[in-house]
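For reference, the structure is listed below as structure tokens.
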Amino acid sequence: MACKMMKIIPIFFILLATLLSSSYGNAVVSPLCGGRVFVENTIVIEAPVHENCHWDIQTQEDRILVITAVNGNLKEAQEFLAIHDGSGKDSPILLVENQKTHERSRKDLPQAVYTTQSTASIRLKKAPTSNLQLKIQKAVDCPFNLGTESQCGRVIDDVSCYCATFTKRSQVSQRTYCYNHNMKLLSLETYEKEQAIHVAWGYEARFWTSLTDAIDEGTWYWESTDTALFPGYSNWCNRQPDDAGAFGGEDCMFTNYETNGCWNDGDCEKDEFDAICQAIP
């Protein structure tokens, strides 16, 4: 009976963590000595007070994992644990000091390690001297560029990725360009997100976004996230949108029409601007 209970309890906590992460996006895994955990969105592992514990972590196949320390410094935590890129016995160890930083990424992001695949293992080498919690999130892989005349970075947070392409194309062509790189055209649903984009790339370049009213004139929605613009955040320039294109209707929005970064509508197929692609977990 005792043996059966020992098998049931770890499974129970793993299932509980998975359910919580699915429902609320965040779960604290009980400080059992290891186990298997699936990351739907975010989990937090509280390291036990004893050593030789081993967790196998997995997320969906087309995503990666990012691991940070909730309290304290992840680099210092490496004294007590090893984070492996993959779940195999000989999987390489990920170190904070070996992580490459994107030039356009936010400077205030926490120390982190990123896997190159959808699995990782965390092995406790010795008991931590203080409370140690690890935050593990599902993330998208973020390239350093998408080829010539492009820049990428973790501009908004540590799980998403944004890439600016400075090759001018129509909105339709930019949408295809993003899609071919497993990304989508930019959406700007909040003031904070738009300001972060400006911090990364300034106000000079005009960028196509996914905001369009091509399906229903006057009804604007973010195509990339299938979200209606109204009643959400907007930043139209004075007297815009005006649907007054030289070749007919203007059904797609681009940013930085004026020096304050406001929005204007343009011809989706005729006007050519730069663009920003996004990938969100």
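Residue numbering restarts at 1 for every chain of the structure tokens, chains are lettered A, B, ... in their displayed order, and ligands are numbered from 1 as they appear.
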
Residues at most 12 Å from A:Asp267, counting only C-alpha atoms, excluding those fewer than 4 positions away in the same chain, as a ChimeraX atom specification? /A:169-172,208,212-214,241-254,271-273

What's the 9 Å shell around stretch 216-223 of chain A, counting only C-alpha atoms, without same-chain residues fewer than 3 positions away, as a PyMOL selection string? chain A and resi 184-189+209-213+226-230+241+251-252

Atom CA of A:Gln60 and atom CA of A:Ile122 are how many Å apart? 17.8 Å

Here is a test: counting only C-alpha atoms, which residue of A:Glu46, A:Ser105, A:Ala279, A:Phe144 is nearest to A:Val199? A:Ser105

Report the distance between atom CA of A:Ile83 and atom CA of A:Leu95 in Å, rounded to one decimal place.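 Result for atom CA of A:Ile83 versus atom CA of A:Leu95: 7.6 Å, one decimal.
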
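Comparing A:Lys125, A:Lys135, A:Arg154, A:His198 by their smallest distance to A:Arg104, the closest is A:Arg154 (using only C-alpha atoms).
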
Tell me, which residues of stretch 152-219 of chain A carry DSSP strand (DSSP E or B), written as a list of chain:residue names?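 Those residues are A:Cys152, A:Gly153, A:Cys161, A:Tyr162, A:Cys163, A:Ala164, A:Thr165, A:Phe166, A:Thr167, A:Lys168, A:Arg169, A:Lys184, A:Leu185, A:Phe207, A:Trp208, A:Thr209, A:Ser210, A:Leu211, A:Thr212.
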
Based on the selection just made, write C-alpha atoms of those residues as a compact mmCIF listing (two decimals), in the first residue's frame.
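Just written: result-v4.txt:
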# COMPACT_ATOMS: atom_id res chain seq x y z
CA CYS A 152 15.25 40.65 -34.27
CA GLY A 153 14.93 40.76 -30.51
CA CYS A 161 10.04 37.59 -30.62
CA TYR A 162 9.87 40.60 -32.95
CA CYS A 163 11.78 41.12 -36.20
CA ALA A 164 11.95 44.31 -38.25
CA THR A 165 12.58 44.01 -41.98
CA PHE A 166 13.88 47.12 -43.73
CA THR A 167 13.13 45.91 -47.24
CA LYS A 168 10.13 47.87 -48.48
CA ARG A 169 7.21 45.78 -49.70
CA LYS A 184 2.87 37.21 -38.35
CA LEU A 185 2.62 40.92 -39.03
CA PHE A 207 6.10 49.89 -40.59
CA TRP A 208 3.20 47.90 -41.97
CA THR A 209 1.05 46.17 -39.34
CA SER A 210 -1.72 43.57 -39.47
CA LEU A 211 -4.51 46.10 -38.77
CA THR A 212 -6.98 46.06 -41.68

Would you compute the distance between atom CA of A:Leu109 and atom CA of A:Ile197? Give it in Å to one decimal.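 Computing it gives 15.2 Å between the two atoms.
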
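Minimum atom-to-atom distances from A:Asn98, A:Gln151, A:Thr129, A:Asn235 to A:Ala200 were compared using only C-alpha atoms, and the lowest value belongs to A:Gln151.
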
Can you list, as a PyMOL selection string, every residue of stretch 21-156 of chain A that DSSP puts in helix (DSSP H, G or I)? chain A and resi 21-24+74-77+96-98

Pick from A:Asn131, A:Glu149, A:Val155, A:Ile136 nearest to A:Lys107, counting only C-alpha atoms: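 With only C-alpha atoms as the atom set, the closest residue is A:Val155.
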
Give me the residues near A:Thr119 as JSON, numbers by chain, where near means some atom within 7 Å (using only C-alpha atoms) and where sequence neighbours in that chain fewer than 5 positions away do not count. {"A": [57, 58, 59, 85, 86, 87]}

Output N, CA and C atoms of each residue in that selection to a file, as a PDB file, in the first residue's frame.
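The resulting file, out07.pdb, is shown below:
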ATOM      1  N   ILE A  57      11.268  18.364 -18.165  1.00  0.00           N
ATOM      2  CA  ILE A  57      10.316  19.405 -18.531  1.00  0.00           C
ATOM      3  C   ILE A  57      10.033  19.314 -20.024  1.00  0.00           C
ATOM      4  N   GLN A  58       8.769  19.508 -20.393  1.00  0.00           N
ATOM      5  CA  GLN A  58       8.398  19.456 -21.803  1.00  0.00           C
ATOM      6  C   GLN A  58       7.315  20.495 -22.094  1.00  0.00           C
ATOM      7  N   THR A  59       7.353  21.048 -23.306  1.00  0.00           N
ATOM      8  CA  THR A  59       6.283  21.925 -23.783  1.00  0.00           C
ATOM      9  C   THR A  59       5.891  21.466 -25.174  1.00  0.00           C
ATOM     10  N   ASP A  85      19.823  21.083 -21.968  1.00  0.00           N
ATOM     11  CA  ASP A  85      19.082  21.343 -23.199  1.00  0.00           C
ATOM     12  C   ASP A  85      18.623  20.013 -23.783  1.00  0.00           C
ATOM     13  N   GLY A  86      17.447  19.549 -23.341  1.00  0.00           N
ATOM     14  CA  GLY A  86      16.946  18.239 -23.731  1.00  0.00           C
ATOM     15  C   GLY A  86      16.838  17.340 -22.516  1.00  0.00           C
ATOM     16  N   SER A  87      16.217  16.205 -22.707  1.00  0.00           N
ATOM     17  CA  SER A  87      15.997  15.295 -21.581  1.00  0.00           C
ATOM     18  C   SER A  87      16.918  14.081 -21.591  1.00  0.00           C
TER      19      SER A  87
END

From the list A:Phe80, A:Val44, A:Ala205, A:Pro231, which residue is nearest A:Gln133 when using only C-alpha atoms?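 Using only C-alpha atoms, the shortest distance to A:Gln133 belongs to A:Val44.
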